[in-house]
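**Q** The structure file upload-v7.cif (mmCIF, C-alpha atoms) is provided below.
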data_my_file
loop_
_atom_site.label_atom_id
_atom_site.label_comp_id
_atom_site.auth_asym_id
_atom_site.auth_seq_id
_atom_site.Cartn_x
_atom_site.Cartn_y
_atom_site.Cartn_z
CA MET A 1211 2.37 6.84 118.72
CA VAL A 1212 2.34 9.93 120.94
CA LEU A 1213 5.55 10.17 122.95
CA PRO A 1214 5.60 11.28 126.60
CA VAL A 1215 6.60 14.93 127.01
CA VAL A 1216 9.02 16.03 129.73
CA ALA A 1217 9.63 19.72 130.47
CA ILE A 1218 12.70 21.06 132.27
CA VAL A 1219 11.84 24.19 134.25
CA GLY A 1220 13.46 26.35 136.91
CA ARG A 1221 14.74 29.80 137.67
CA PRO A 1222 17.45 31.35 135.46
CA ASN A 1223 21.03 30.10 135.42
CA VAL A 1224 20.59 26.71 137.07
CA GLY A 1225 21.82 24.78 133.98
CA LYS A 1226 18.58 23.74 132.28
CA SER A 1227 20.03 23.97 128.76
CA THR A 1228 23.15 22.05 129.78
CA LEU A 1229 20.94 19.29 131.20
CA PHE A 1230 18.82 19.35 128.04
CA ASN A 1231 21.92 18.94 125.86
CA ARG A 1232 23.27 16.18 128.09
CA ILE A 1233 20.04 14.16 127.84
CA ILE A 1234 19.60 14.53 124.06
CA LYS A 1235 23.36 14.02 123.55
CA ASP A 1236 23.69 17.09 121.35
CA ARG A 1237 24.46 20.81 121.69
CA LEU A 1238 21.08 21.95 120.40
CA ALA A 1239 20.36 24.49 123.12
CA ILE A 1240 22.45 27.64 123.41
CA VAL A 1241 24.44 27.46 126.63
CA GLU A 1242 25.96 30.54 128.23
CA ASP A 1243 26.67 31.17 131.89
CA LYS A 1244 24.33 34.12 132.33
CA PRO A 1245 20.59 34.42 132.99
CA GLY A 1246 18.09 34.75 130.16
CA VAL A 1247 20.04 33.09 127.34
CA THR A 1248 17.26 30.58 126.59
CA ARG A 1249 14.32 32.81 125.73
CA ASP A 1250 12.20 30.21 123.99
CA ARG A 1251 11.45 26.53 124.26
CA ASN A 1252 13.62 23.96 122.54
CA TYR A 1253 12.09 20.63 121.56
CA ALA A 1254 13.98 17.42 120.89
CA LYS A 1255 13.46 13.68 120.98
CA ALA A 1256 15.41 11.71 123.55
CA GLU A 1257 15.79 8.05 124.52
CA TRP A 1258 16.68 6.19 127.69
CA MET A 1259 16.75 2.41 128.15
CA GLY A 1260 14.43 1.81 125.21
CA HIS A 1261 11.99 4.59 126.15
CA ASP A 1262 11.53 7.41 123.63
CA PHE A 1263 10.20 10.79 124.78
CA ASP A 1264 10.01 14.46 123.80
CA LEU A 1265 12.08 16.85 125.90
CA ILE A 1266 11.39 20.59 126.28
CA ASP A 1267 14.00 23.10 127.41
CA THR A 1268 12.54 26.33 128.79
CA GLY A 1269 13.83 29.74 129.68
CA GLY A 1270 14.43 30.66 133.30
CA ILE A 1271 11.23 31.63 135.12
CA THR A 1272 11.30 35.03 136.84
CA TRP A 1273 8.67 37.42 138.12
CA GLU A 1274 10.59 40.57 137.22
CA ASP A 1275 8.86 43.38 135.37
CA GLY A 1276 9.72 43.44 131.68
CA LYS A 1277 8.37 42.14 128.39
CA ILE A 1278 11.11 39.52 127.87
CA GLU A 1279 10.79 38.13 131.39
CA GLU A 1280 7.01 37.97 131.00
CA GLU A 1281 7.35 36.16 127.68
CA ILE A 1282 9.84 33.62 129.07
CA ARG A 1283 7.53 32.89 131.99
CA ALA A 1284 4.59 32.47 129.60
CA GLN A 1285 6.51 29.98 127.47
CA ALA A 1286 7.56 28.00 130.53
CA GLU A 1287 3.93 27.87 131.64
CA ILE A 1288 2.94 26.53 128.21
CA ALA A 1289 5.59 23.82 128.48
CA ILE A 1290 4.32 22.92 131.95
CA GLU A 1291 0.75 22.73 130.63
CA GLU A 1292 1.71 20.49 127.70
CA ALA A 1293 4.11 18.21 129.58
CA ASP A 1294 3.21 14.83 131.00
CA GLU A 1295 6.03 15.13 133.51
CA ILE A 1296 8.13 18.02 134.83
CA VAL A 1297 11.73 18.21 136.01
CA MET A 1298 12.33 21.17 138.29
CA LEU A 1299 16.02 22.03 138.26
CA CYS A 1300 17.72 23.95 141.07
CA SER A 1301 21.37 24.71 141.81
CA VAL A 1302 23.24 23.55 144.90
CA VAL A 1303 25.58 26.54 144.55
CA ASN A 1304 22.94 29.07 145.64
CA GLY A 1305 20.85 26.85 147.87
CA VAL A 1306 17.09 27.29 148.05
CA THR A 1307 16.13 30.75 146.78
CA ASP A 1308 12.89 32.73 146.84
CA LEU A 1309 12.56 32.11 143.11
CA ASP A 1310 12.89 28.34 143.65
CA GLU A 1311 10.02 28.52 146.14
CA LYS A 1312 7.86 30.50 143.67
CA VAL A 1313 8.52 27.99 140.90
CA ALA A 1314 7.70 25.11 143.26
CA ARG A 1315 4.38 26.78 144.20
CA LEU A 1316 3.59 27.08 140.48
CA LEU A 1317 4.23 23.35 140.03
CA TYR A 1318 2.08 22.36 143.02
CA LYS A 1319 -1.00 23.35 140.99
CA THR A 1320 -0.27 21.13 137.98
CA ASN A 1321 -1.19 17.75 139.52
CA LYS A 1322 1.53 16.24 137.34
CA PRO A 1323 4.58 14.18 138.33
CA VAL A 1324 7.39 16.56 139.32
CA ILE A 1325 10.98 15.40 139.80
CA LEU A 1326 13.27 17.68 141.77
CA ALA A 1327 16.87 17.71 140.49
CA VAL A 1328 19.65 19.73 142.11
CA ASN A 1329 22.35 20.67 139.61
CA LYS A 1330 26.03 21.56 139.92
CA ALA A 1331 26.55 18.85 142.56
CA ASP A 1332 29.97 18.10 141.10
CA ASN A 1333 31.63 16.55 144.18
CA PRO A 1334 30.62 14.60 147.33
CA GLU A 1335 30.65 17.71 149.51
CA GLN A 1336 28.17 19.49 147.24
CA ARG A 1337 26.00 16.39 146.95
CA SER A 1338 25.69 16.34 150.74
CA GLU A 1339 24.22 19.88 150.65
CA ILE A 1340 21.04 18.93 148.80
CA TYR A 1341 18.98 18.25 151.93
CA ASP A 1342 17.84 21.86 152.21
CA PHE A 1343 15.83 21.29 149.02
CA TYR A 1344 13.41 18.99 150.85
CA SER A 1345 11.83 22.25 152.05
CA LEU A 1346 10.37 22.74 148.54
CA GLY A 1347 7.97 19.88 149.20
CA LEU A 1348 8.63 18.11 145.89
CA GLY A 1349 9.96 14.85 147.25
CA ASP A 1350 13.50 13.45 147.25
CA PRO A 1351 15.96 15.76 145.47
CA ILE A 1352 18.26 14.02 142.99
CA PRO A 1353 21.82 15.46 142.87
CA VAL A 1354 23.16 15.84 139.32
CA SER A 1355 25.97 17.49 137.45
CA SER A 1356 24.81 18.44 133.95
CA SER A 1357 28.31 19.43 132.89
CA HIS A 1358 29.99 16.22 134.10
CA GLY A 1359 27.11 13.77 133.68
CA THR A 1360 27.02 12.69 137.33
CA GLY A 1361 23.61 11.48 138.48
CA ILE A 1362 21.99 11.85 135.05
CA GLY A 1363 21.28 8.11 134.85
CA ASP A 1364 19.44 8.22 138.20
CA LEU A 1365 17.40 11.19 137.00
CA LEU A 1366 16.48 9.45 133.74
CA ASP A 1367 15.55 6.25 135.58
CA GLU A 1368 13.13 8.24 137.71
CA MET A 1369 11.72 10.03 134.65
CA VAL A 1370 10.91 6.91 132.64
CA SER A 1371 9.40 5.19 135.68
CA ASN A 1372 6.56 7.72 135.51
CA PHE A 1373 5.83 7.27 131.79
CA PRO A 1374 2.41 5.89 130.89
CA LYS A 1375 2.30 2.49 129.25
CA GLU A 1376 2.23 2.51 125.47
CA ILE A 1377 -1.21 2.14 123.93
CA ASP A 1378 -1.73 0.41 120.59
CA ASN A 1379 -3.86 2.80 118.52
CA LYS A 1380 -3.75 0.63 115.39
CA ALA A 1381 -6.04 -2.15 116.59
CA ASP A 1382 -8.94 -0.82 114.51
CA ASN A 1383 -6.87 -0.63 111.27
CA THR A 1384 -7.58 3.09 110.99
CA ILE A 1385 -5.24 5.18 108.80
CA SER A 1386 -4.36 8.42 110.57
CA PHE A 1387 -3.31 11.42 108.50
CA SER A 1388 -2.70 15.03 109.46
CA VAL A 1389 -2.98 18.27 107.51
CA ILE A 1390 -0.02 20.58 108.10
CA GLY A 1391 1.31 23.80 106.65
CA ARG A 1392 2.02 27.39 107.46
CA PRO A 1393 -0.94 29.55 108.51
CA ASN A 1394 -3.62 30.59 106.03
CA VAL A 1395 -2.91 28.07 103.25
CA GLY A 1396 -6.39 26.57 103.50
CA LYS A 1397 -5.89 23.50 105.69
CA SER A 1398 -9.24 23.78 107.46
CA SER A 1399 -11.05 24.36 104.17
CA ILE A 1400 -9.56 21.13 102.79
CA VAL A 1401 -10.68 19.30 105.93
CA ASN A 1402 -14.21 20.65 105.57
CA LYS A 1403 -14.43 19.59 101.93
CA LEU A 1404 -13.13 16.13 102.76
CA LEU A 1405 -15.68 15.64 105.52
CA GLY A 1406 -18.52 17.28 103.65
CA GLU A 1407 -19.49 19.36 106.63
CA ASN A 1408 -18.18 22.37 108.52
CA ARG A 1409 -16.50 20.54 111.37
CA VAL A 1410 -13.65 23.09 111.61
CA ILE A 1411 -13.83 26.89 111.84
CA VAL A 1412 -12.69 28.56 108.60
CA ALA A 1413 -11.64 32.20 108.53
CA ASN A 1414 -9.29 34.25 106.37
CA GLN A 1415 -7.12 35.03 109.34
CA GLU A 1416 -3.87 33.41 110.41
CA GLY A 1417 -4.00 31.15 113.44
CA THR A 1418 -7.73 30.41 113.62
CA THR A 1419 -7.28 26.70 114.39
CA ARG A 1420 -5.63 26.45 117.80
CA ASP A 1421 -5.64 22.74 118.56
CA ALA A 1422 -5.21 19.48 116.71
CA ILE A 1423 -8.70 18.14 115.98
CA ASP A 1424 -9.31 14.42 115.34
CA THR A 1425 -12.22 13.43 113.11
CA PRO A 1426 -12.83 9.78 112.19
CA PHE A 1427 -14.58 9.04 108.89
CA THR A 1428 -15.11 6.07 106.60
CA ALA A 1429 -14.50 6.24 102.84
CA SER A 1430 -16.87 4.75 100.26
CA ASP A 1431 -14.72 1.60 100.07
CA LYS A 1432 -15.12 1.11 103.87
CA THR A 1433 -11.53 2.23 104.63
CA LYS A 1434 -11.40 3.88 108.06
CA PHE A 1435 -9.51 7.16 108.39
CA ARG A 1436 -8.69 9.49 111.24
CA LEU A 1437 -8.13 13.03 110.00
CA ILE A 1438 -6.05 15.32 112.21
CA ASP A 1439 -6.34 19.03 111.45
CA THR A 1440 -3.55 21.08 113.01
CA ALA A 1441 -2.88 24.68 113.77
CA GLY A 1442 -0.67 26.41 111.23
CA ILE A 1443 3.00 26.05 112.10
CA ARG A 1444 4.52 29.53 112.23
CA ARG A 1445 8.18 30.38 111.98
CA ARG A 1446 9.56 30.42 115.53
CA GLY A 1447 10.77 34.02 115.38
CA LYS A 1448 7.30 35.17 114.32
CA VAL A 1449 5.36 33.46 117.08
CA TYR A 1450 4.74 35.57 120.13
CA GLU A 1451 1.20 34.88 121.28
CA LYS A 1452 0.99 32.30 124.05
CA THR A 1453 -1.68 30.13 122.44
CA GLU A 1454 0.15 30.20 119.10
CA LYS A 1455 3.25 28.64 120.62
CA TYR A 1456 1.09 26.04 122.32
CA SER A 1457 -0.34 25.21 118.87
CA VAL A 1458 3.12 24.60 117.39
CA LEU A 1459 3.85 21.81 119.87
CA ARG A 1460 0.36 20.39 119.32
CA ALA A 1461 1.03 20.30 115.56
CA LEU A 1462 4.35 18.51 116.03
CA ARG A 1463 2.65 15.93 118.24
CA ALA A 1464 -0.09 15.52 115.62
CA ILE A 1465 2.61 14.59 113.10
CA ASP A 1466 3.91 11.98 115.55
CA ARG A 1467 0.41 10.50 115.73
CA SER A 1468 0.00 10.33 111.95
CA ASP A 1469 0.75 7.61 109.45
CA VAL A 1470 0.63 10.02 106.51
CA VAL A 1471 0.99 13.80 106.40
CA LEU A 1472 -0.52 16.23 103.88
CA LEU A 1473 1.77 19.22 103.38
CA VAL A 1474 -0.44 22.04 102.11
CA LEU A 1475 1.10 24.76 99.93
CA ASP A 1476 -0.60 27.93 98.67
CA ALA A 1477 -0.65 28.23 94.86
CA SER A 1478 -1.47 31.95 95.07
CA THR A 1479 1.59 32.90 97.15
CA GLY A 1480 4.08 30.27 96.00
CA ILE A 1481 6.65 28.46 98.13
CA ARG A 1482 8.09 30.20 101.16
CA GLU A 1483 10.96 29.28 103.43
CA GLN A 1484 8.56 28.36 106.19
CA ASP A 1485 7.02 25.68 103.94
CA LYS A 1486 10.40 23.92 103.96
CA HIS A 1487 10.60 24.01 107.75
CA VAL A 1488 7.10 22.58 108.04
CA ALA A 1489 7.92 19.78 105.58
CA GLY A 1490 11.10 19.03 107.51
CA TYR A 1491 9.11 18.13 110.63
CA ALA A 1492 7.22 15.39 108.77
CA HIS A 1493 10.25 14.14 106.83
CA ASP A 1494 12.39 13.87 109.96
CA ALA A 1495 9.59 11.96 111.68
CA GLY A 1496 9.64 9.37 108.88
CA ARG A 1497 6.00 9.86 107.96
CA GLY A 1498 4.45 9.23 104.58
CA LEU A 1499 4.08 12.55 102.80
CA ILE A 1500 1.83 14.02 100.10
CA ILE A 1501 2.30 17.57 98.80
CA VAL A 1502 -1.09 19.25 98.28
CA VAL A 1503 -1.10 22.54 96.33
CA ASN A 1504 -4.25 24.36 97.39
CA LYS A 1505 -6.01 27.39 95.80
CA TRP A 1506 -5.19 26.09 92.32
CA ASP A 1507 -8.26 28.00 91.08
CA LEU A 1508 -6.64 31.40 91.78
CA PRO A 1509 -3.51 31.75 89.59
CA LYS A 1510 -3.76 32.31 85.85
CA LYS A 1511 -2.75 29.12 84.09
CA ASP A 1512 -1.81 27.71 80.71
CA SER A 1513 -1.14 24.15 79.54
CA ASN A 1514 2.28 24.10 81.24
CA SER A 1515 1.34 25.70 84.58
CA GLY A 1516 1.09 22.41 86.46
CA LYS A 1517 4.39 21.10 85.13
CA ASP A 1518 6.13 24.41 85.84
CA PHE A 1519 4.87 24.57 89.42
CA GLU A 1520 5.79 20.93 89.99
CA ALA A 1521 9.32 21.64 88.71
CA VAL A 1522 9.63 24.47 91.25
CA ILE A 1523 8.45 22.16 94.04
CA ARG A 1524 10.97 19.49 93.08
CA GLN A 1525 13.74 22.08 93.03
CA GLU A 1526 12.81 23.63 96.39
CA PHE A 1527 12.03 20.31 98.12
CA GLN A 1528 14.76 18.09 96.69
CA TYR A 1529 14.70 15.82 99.74
CA LEU A 1530 10.98 15.15 99.11
CA ASP A 1531 11.40 13.75 95.60
CA TYR A 1532 9.43 10.67 96.72
CA ALA A 1533 6.28 12.67 97.60
CA PRO A 1534 3.35 12.72 95.13
CA ILE A 1535 1.96 16.16 94.25
CA LEU A 1536 -1.76 16.93 94.00
CA PHE A 1537 -3.20 20.26 92.77
CA VAL A 1538 -6.51 21.03 94.48
CA SER A 1539 -8.96 23.79 95.24
CA ALA A 1540 -10.81 23.56 98.53
CA LYS A 1541 -13.08 26.36 97.33
CA THR A 1542 -14.32 24.55 94.20
CA GLY A 1543 -13.70 21.01 95.43
CA GLN A 1544 -11.32 20.26 92.55
CA ARG A 1545 -9.55 16.89 93.13
CA ILE A 1546 -10.30 16.92 96.88
CA ASP A 1547 -12.04 13.56 96.48
CA GLN A 1548 -8.72 12.03 95.33
CA ILE A 1549 -7.00 12.63 98.68
CA PRO A 1550 -8.27 9.53 100.60
CA GLU A 1551 -7.22 7.18 97.79
CA ILE A 1552 -3.72 8.68 97.58
CA VAL A 1553 -3.40 8.52 101.40
CA LYS A 1554 -4.36 4.84 101.28
CA LYS A 1555 -1.75 4.09 98.59
CA VAL A 1556 1.02 5.92 100.46
CA TYR A 1557 0.08 4.08 103.66
CA ALA A 1558 0.28 0.74 101.82
CA ASN A 1559 3.69 1.68 100.40
CA GLN A 1560 4.93 2.58 103.88
CA ASN A 1561 3.93 -0.75 105.31
CA GLN A 1562 5.09 -3.12 102.57
CA ARG A 1563 7.84 -5.63 103.32
CA ILE A 1564 10.31 -6.97 100.77
CA GLN A 1565 11.79 -10.45 101.16
CA SER A 1566 15.50 -10.54 101.93
CA SER A 1567 16.19 -12.81 98.92
CA VAL A 1568 14.63 -10.23 96.59
CA LEU A 1569 16.56 -7.40 98.22
CA ASN A 1570 19.85 -9.23 97.80
CA ASP A 1571 19.17 -9.93 94.13
CA LEU A 1572 18.73 -6.17 93.77
CA LEU A 1573 21.96 -5.61 95.70
CA ILE A 1574 23.88 -7.83 93.28
CA GLN A 1575 22.49 -5.97 90.29
CA ALA A 1576 23.24 -2.60 91.90
CA SER A 1577 26.88 -3.55 92.50
CA LYS A 1578 27.21 -4.37 88.79
CA LEU A 1579 25.75 -1.00 87.80
CA VAL A 1580 27.89 1.12 90.11
CA PRO A 1581 31.03 -0.20 91.87
CA THR A 1582 31.15 0.40 95.61
CA PRO A 1583 33.20 3.47 96.61
CA LEU A 1584 36.92 3.39 97.38
CA VAL A 1585 37.85 5.52 100.41
CA LYS A 1586 41.53 6.08 101.26
CA GLY A 1587 42.51 2.93 99.45
CA LYS A 1588 39.85 0.80 101.16
CA ARG A 1589 36.82 -0.40 99.21
CA LEU A 1590 33.36 -0.73 100.67
CA ARG A 1591 32.11 -4.30 100.53
CA VAL A 1592 28.37 -4.87 100.77
CA TYR A 1593 27.40 -8.38 101.91
CA TYR A 1594 23.72 -8.50 102.73
CA MET A 1595 20.56 -6.38 102.93
CA THR A 1596 17.42 -7.05 104.97
CA GLN A 1597 14.36 -5.04 105.91
CA VAL A 1598 14.03 -4.73 109.67
CA LYS A 1599 10.86 -2.63 109.92
CA SER A 1600 8.22 -0.77 107.96
CA ASN A 1601 6.50 2.60 108.40
CA PRO A 1602 8.90 3.89 107.22
CA PRO A 1603 10.69 1.07 105.35
CA THR A 1604 14.00 0.61 107.17
CA LEU A 1605 16.75 -1.61 105.79
CA VAL A 1606 19.99 -2.76 107.37
CA VAL A 1607 22.94 -3.25 105.02
CA PHE A 1608 25.80 -5.37 106.38
CA VAL A 1609 29.19 -4.12 105.19
CA ASN A 1610 32.88 -4.48 105.99
CA ASP A 1611 33.12 -0.95 107.44
CA PRO A 1612 30.11 1.39 107.97
CA GLU A 1613 32.42 4.41 107.72
CA LEU A 1614 32.95 3.59 104.03
CA MET A 1615 29.22 3.78 103.29
CA HIS A 1616 29.10 7.33 101.90
CA PHE A 1617 25.79 9.18 101.77
CA SER A 1618 25.94 9.22 97.99
CA TYR A 1619 26.05 5.41 97.85
CA GLN A 1620 23.17 5.17 100.29
CA ARG A 1621 21.27 7.51 97.99
CA PHE A 1622 22.11 5.26 95.03
CA LEU A 1623 20.73 2.21 96.84
CA ILE A 1624 17.56 4.12 97.78
CA ASN A 1625 17.08 5.11 94.14
CA GLN A 1626 17.47 1.48 93.10
CA LEU A 1627 14.83 0.47 95.62
CA ARG A 1628 12.44 3.10 94.30
CA GLU A 1629 12.98 1.99 90.71
CA ASN A 1630 12.18 -1.63 91.54
CA PHE A 1631 9.45 -1.26 94.18
CA ASN A 1632 6.61 1.17 94.75
CA PHE A 1633 7.76 3.31 97.64
CA GLU A 1634 6.03 6.47 96.42
CA GLY A 1635 5.14 8.80 99.28
CA THR A 1636 7.37 7.25 101.93
CA PRO A 1637 10.94 7.95 103.00
CA ILE A 1638 13.36 5.01 103.07
CA LYS A 1639 15.99 4.59 105.77
CA ILE A 1640 19.21 2.63 105.27
CA ILE A 1641 21.35 1.65 108.27
CA PRO A 1642 24.87 0.37 107.52
CA ARG A 1643 26.23 -2.18 110.01
CA LYS A 1644 29.50 -4.01 110.28
CA ARG A 1645 29.22 -7.71 109.55
CA LYS A 1646 30.25 -9.72 112.57
#
What do you get writing this file as structure tokens?
**A**
Amino acid sequence: MVLPVVAIVGRPNVGKSTLFNRIIKDRLAIVEDKPGVTRDRNYAKAEWMGHDFDLIDTGGITWEDGKIEEEIRAQAEIAIEEADEIVMLCSVVNGVTDLDEKVARLLYKTNKPVILAVNKADNPEQRSEIYDFYSLGLGDPIPVSSSHGTGIGDLLDEMVSNFPKEIDNKADNTISFSVIGRPNVGKSSIVNKLLGENRVIVANQEGTTRDAIDTPFTASDKTKFRLIDTAGIRRRGKVYEKTEKYSVLRALRAIDRSDVVLLVLDASTGIREQDKHVAGYAHDAGRGLIIVVNKWDLPKKDSNSGKDFEAVIRQEFQYLDYAPILFVSAKTGQRIDQIPEIVKKVYANQNQRIQSSVLNDLLIQASKLVPTPLVKGKRLRVYYMTQVKSNPPTLVVFVNDPELMHFSYQRFLINQLRENFNFEGTPIKIIPRKRK
């Protein structure tokens, strides 16, 4: 499911990053009381009253001469273009400024819902001074205090009221999978081989594919697939071109729309740090994951080459020990035809449900193998396990005290689940809860 996207924009030093942190309930954005601190866009998922959405924090928009100011404005414009809804943030301290009016004129042209919020309204006197902001022509201003949390609930209520209704994209039983990876690893070539036709431009140049491209196709066994090719995800510090940064957000949204993700690595260049960042996006999203090593025709190999490369992958991607690995060559077509079948198996593993009685038999056996941990003289007691959702498989474990459920014991339970059931290709989530 594609989440609504909300962008926070405004001139410098009105508190956009503070508002961003307040909404996502984390200090992800750098906050400093001087203009220009946020020079890029921050992305994060947020939730309000059961509504999930993506939130973008942008740098302050200015029209000053200078490369940095020009770049910040370009990034804010990208966020505005990609957003479904925009929050324009002003500050009651300075009143309506010329820059506020310029930003408002920029937003007039978007034809998107715009909510006007006036920040730093920390007390009743300041909240009474917001009426000047009606002159911006963006509707009723909402007084907020990002630092104290005042008015944030009203702002969020207004935001979610504009969200489009959720659409069920799974009615046709189509399996959606995306192809991700850093630039120039051969994603588009793999797509072309899979489809048997040149539906995507292929060039030996980084950043050729700008947008996420959806292509439906049907396998020989009548299984319906939707293949999403994405632009290469570059390391943030290396991305300067406007359209490149737009592509990064498109790729992240493509992952959100996927059931299964193919992480493409380059056998000729080996594993790079950026590969780990790319994989992290899919893992954090809870998607099924398959590691595809492309260009396997290029390196010199012996009988142990595959095992050696797989060992390196397992060492570098320890958190992806559940992901199957496939060595392919888009150039020669080697093993490309195996991809749809593996995607189908991973999708089935993601969506399987285990009966609670079976899970609790496993829980009894697990407690005999490894005693529950003792923390500060208090022992964890595990009473019951049940699966509450699939895709990814999510299990709630009822215990005497969730604080005693150490990560290592969660990992032990996950390993027991993997040994007894086929969860290859999918992450497993365990949520400890106190028994009432």
**Q** Distance atom CA of Phe1435 of chain A-atom CA of Asn1630 of chain A, one decimal place?
**A**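 Computing the Euclidean distance for atom CA of Phe1435 of chain A and atom CA of Asn1630 of chain A yields 28.8 Å.
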**Q** List the neighbours of segment 1479-1485 of chain A out to 10 Å using all atoms listed in the file; skip same-chain residues closer than 5 positions along the sequence, and give me the result as a ChimeraX atom specification.
**A** /A:1390-1393,1395,1443-1446,1473-1474,1490,1503,1505,1508-1509,1519,1522-1523,1526-1527
**Q** Let me know the residues the PyMOL selection byres ((chain A and resi 1640) around 7) catches in the file above, as a PyMOL selection string.
**A** chain A and resi 1604-1607+1620+1638-1639+1641-1642
**Q** Check what the PyMOL selection byres ((chain A and resi 1496) around 9) selects in the file above and give those residues as JSON, numbers by chain.
**A** {"A": [1491, 1492, 1493, 1494, 1495, 1497, 1498, 1499, 1601, 1602, 1636, 1637, 1638, 1639]}
**Q** Measuring atom to atom with all atoms listed in the file, identify which of A:His1261, A:Arg1591, A:Lys1235, A:Lys1226 is nearest to Asn1329 of chain A.
**A** A:Lys1226
**Q** Nearest residue to Val1216 of chain A out of A:Ile1296, A:Met1259, A:Val1568, A:Ile1233, using all atoms listed in the file?
**A**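 Of A:Ile1296, A:Met1259, A:Val1568, A:Ile1233, the one nearest Val1216 of chain A is A:Ile1296, counting all atoms listed in the file.
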**Q** Which is closest to Ser1355 of chain A among A:Ile1546, A:Leu1229, A:Val1303, A:Leu1405, if we use all atoms listed in the file?
**A**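 Of the candidates, the smallest distance to Ser1355 of chain A is held by A:Leu1229.
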**Q** What residues come out when you apply the PyMOL selection byres ((chain A and resi 1627) around 12) to this file, written as an MDAnalysis selection string?
**A** chainID A and resid 1532 1564 1568:1573 1575:1576 1595 1597 1603:1605 1620:1626 1628:1634 1636:1640
**Q** Can you pull out the residues contacting segment 1333-1349 of chain A? Cut-off 10 Å, using only C-alpha atoms, and skip same-chain residues under 2 positions away; I want them as a PyMOL selection string.
**A** chain A and resi 1298+1300-1303+1305-1307+1310-1315+1317-1318+1323-1331+1351-1355+1360
**Q** Pick out the residues sitting within 10 Å of Phe1387 of chain A, and hand them over as a PDB file with C-alpha atoms, keeping the file's coordinate frame; count all atoms listed in the file, and ignore anything fewer than 6 positions along from it in its own chain.
**A**
ATOM      1  CA  ASP A1424      -9.310  14.420 115.340  1.00  0.00           C
ATOM      2  CA  PHE A1435      -9.510   7.160 108.390  1.00  0.00           C
ATOM      3  CA  ARG A1436      -8.690   9.490 111.240  1.00  0.00           C
ATOM      4  CA  LEU A1437      -8.130  13.030 110.000  1.00  0.00           C
ATOM      5  CA  ILE A1438      -6.050  15.320 112.210  1.00  0.00           C
ATOM      6  CA  ASP A1439      -6.340  19.030 111.450  1.00  0.00           C
ATOM      7  CA  ALA A1464      -0.090  15.520 115.620  1.00  0.00           C
ATOM      8  CA  ILE A1465       2.610  14.590 113.100  1.00  0.00           C
ATOM      9  CA  ARG A1467       0.410  10.500 115.730  1.00  0.00           C
ATOM     10  CA  SER A1468       0.000  10.330 111.950  1.00  0.00           C
ATOM     11  CA  ASP A1469       0.750   7.610 109.450  1.00  0.00           C
ATOM     12  CA  VAL A1470       0.630  10.020 106.510  1.00  0.00           C
ATOM     13  CA  VAL A1471       0.990  13.800 106.400  1.00  0.00           C
ATOM     14  CA  LEU A1472      -0.520  16.230 103.880  1.00  0.00           C
ATOM     15  CA  ARG A1497       6.000   9.860 107.960  1.00  0.00           C
ATOM     16  CA  GLY A1498       4.450   9.230 104.580  1.00  0.00           C
ATOM     17  CA  LEU A1499       4.080  12.550 102.800  1.00  0.00           C
ATOM     18  CA  PRO A1550      -8.270   9.530 100.600  1.00  0.00           C
ATOM     19  CA  VAL A1553      -3.400   8.520 101.400  1.00  0.00           C
ATOM     20  CA  LYS A1554      -4.360   4.840 101.280  1.00  0.00           C
ATOM     21  CA  TYR A1557       0.080   4.080 103.660  1.00  0.00           C
TER      22      TYR A1557
END
**Q** Here is a test: counting all atoms listed in the file, which residue of A:Gly1635, A:Glu1280, A:Gly1225, A:Lys1322 is nearest to Asp1267 of chain A?
**A**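 Using all atoms listed in the file, the shortest distance to Asp1267 of chain A belongs to A:Gly1225.
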**Q** What does the structure give for the distance between atom CA of Gly1269 of chain A and atom CA of Tyr1253 of chain A, in Å to one decimal?
**A**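 Separation of atom CA of Gly1269 of chain A and atom CA of Tyr1253 of chain A: 12.3 Å.
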**Q** For a test of reading the model, state the distance in Å between atom CA of Asn1372 of chain A and atom CA of Ser1386 of chain A, rounded to one decimal.
**A** 27.2 Å
